[in-house]
Amino acid sequence: MDKFSGDIALNILKDELGFWKGWRAGILLSLFETKPKKDELVIDGICVDENHRSLGFGKHLLDYCSDLANSLNLSTITLKVISKNKRGKQFYEQYGFETIKEKHYSIFKPIANISGYSLMKFKIKINAKD
């Protein structure tokens with residue numbers, strides 16, 4: 001198998017990080033891969049630079065995703081937030097996301113300081129079109 005996490009090729013990870021770190025990154029990324037279900041938009045990787053947080057950029061990004069999902073007649077947005085990212089999870093909850101599943105990988109805690117994630121879901125409010 002030569003690919004992990006969507007379009008990120010294992011060879012690129014190995015070239016950038018070295019053989020062992022590239023393999024480790026590929027395996028870890030594959031655990032967090034999400035395939036969209038019917039009527040679902042998946043946000044796979046969203047962040048705002050720490051120097052620009054709490055300025056409304058995150059809300060604008062989510063508003064754009066919500067508008068995009070609505071324009072495509074999708075009913076939900078899902079995303080995964082790493083368990084240790086409490087501030088991110090709180091932000092998504094304030095926006096209206098709900099946790100629908102928790103997944104824990106205690107074996108990876110000492111390797112990558114990642115113990116799991118929360119799968120979160122947001123229901124799109126359908127706008128009536130004229």
# chains A, B, ... in the order shown; residues from 1 in each chain; ligands from 1

call {"tool": "residues_around", "arguments": {"residues": "His60 (chain A)", "least_positions_apart": "5", "cutoff": "12 Å", "atoms": "only C-alpha atoms", "output": "ChimeraX atom specification"}}
result
/A:46-48,53-55,65-67,95

call {"tool": "closest_atom_pairs", "arguments": {"of": "region 9-66 of chain A", "to": "region 91-94 of chain A", "cutoff": "9 Å", "atoms": "only C-alpha atoms", "output": "CSV"}}
result
residue,atom,partner,partner_atom,distance
A:Gly58,CA,A:Phe91,CA,8.6
A:Lys59,CA,A:Phe91,CA,8.8
A:Leu62,CA,A:Tyr92,CA,9.0

call {"tool": "atom_distance", "arguments": {"atom1": "CA of Gly56 (chain A)", "atom2": "CA of Val42 (chain A)"}}
result
21.0 Å

call {"tool": "residues_around", "arguments": {"residues": "Ile77 (chain A)", "least_positions_apart": "4", "cutoff": "7 Å", "atoms": "only C-alpha atoms", "output": "list of chain:residue names"}}
result
A:Glu40, A:Leu41, A:Val42, A:Lys121, A:Phe122, A:Lys123

call {"tool": "select_by_dssp", "arguments": {"residues": "region 39-120 of chain A", "states": "helix (DSSP H, G or I)", "output": "PyMOL selection string"}}
result
chain A and resi 50-52+57-71+86-95+106-112

call {"tool": "write_last_selection", "arguments": {"atoms": "C-alpha atoms", "output": "CSV table (one decimal), in the first residue's frame"}}
result
chain,number,residue,atom,x,y,z
A,50,GLU,CA,-2.1,30.6,17.1
A,51,ASN,CA,-1.3,34.3,16.7
A,52,HIS,CA,-4.6,34.9,14.9
A,57,PHE,CA,-11.3,33.5,11.4
A,58,GLY,CA,-12.4,30.0,12.6
A,59,LYS,CA,-16.0,31.1,12.6
A,60,HIS,CA,-15.6,32.5,9.0
A,61,LEU,CA,-14.1,29.1,7.9
A,62,LEU,CA,-17.0,27.2,9.5
A,63,ASP,CA,-19.5,29.6,8.0
A,64,TYR,CA,-18.0,29.1,4.6
A,65,CYS,CA,-18.1,25.3,5.0
A,66,SER,CA,-21.7,25.5,6.2
A,67,ASP,CA,-22.7,27.7,3.2
A,68,LEU,CA,-20.9,25.3,0.8
A,69,ALA,CA,-22.6,22.2,2.3
A,70,ASN,CA,-26.0,24.0,2.0
A,71,SER,CA,-25.3,24.9,-1.6
A,86,LYS,CA,-9.9,21.0,24.4
A,87,ARG,CA,-10.0,24.6,23.1
A,88,GLY,CA,-10.8,23.4,19.6
A,89,LYS,CA,-13.5,21.1,20.8
A,90,GLN,CA,-15.1,23.8,22.8
A,91,PHE,CA,-15.0,26.1,19.8
A,92,TYR,CA,-16.8,23.5,17.7
A,93,GLU,CA,-19.4,22.9,20.4
A,94,GLN,CA,-20.1,26.7,20.6
A,95,TYR,CA,-20.6,26.7,16.9
A,106,SER,CA,-3.6,4.7,24.2
A,107,ILE,CA,-0.8,2.9,22.4
A,108,PHE,CA,0.0,6.0,20.5
A,109,LYS,CA,0.2,8.4,23.5
A,110,PRO,CA,3.9,7.7,24.2
A,111,ILE,CA,4.8,7.7,20.5
A,112,ALA,CA,3.0,10.8,19.2

call {"tool": "residues_around", "arguments": {"residues": "Asp44 (chain A)", "least_positions_apart": "6", "cutoff": "8 Å", "atoms": "only C-alpha atoms", "output": "list in words"}}
result
Thr34, Leu79 and Lys80 of chain A

call {"tool": "atom_distance", "arguments": {"atom1": "CA of Lys37 (chain A)", "atom2": "CA of Thr76 (chain A)"}}
result
9.5 Å

call {"tool": "closest_residue", "arguments": {"among": "A:Thr78, A:Ser115, A:Phe97, A:Lys125", "to": "Lys35 (chain A)", "atoms": "only C-alpha atoms"}}
result
A:Thr78

call {"tool": "atom_distance", "arguments": {"atom1": "CA of His104 (chain A)", "atom2": "CA of Asp49 (chain A)"}}
result
26.3 Å
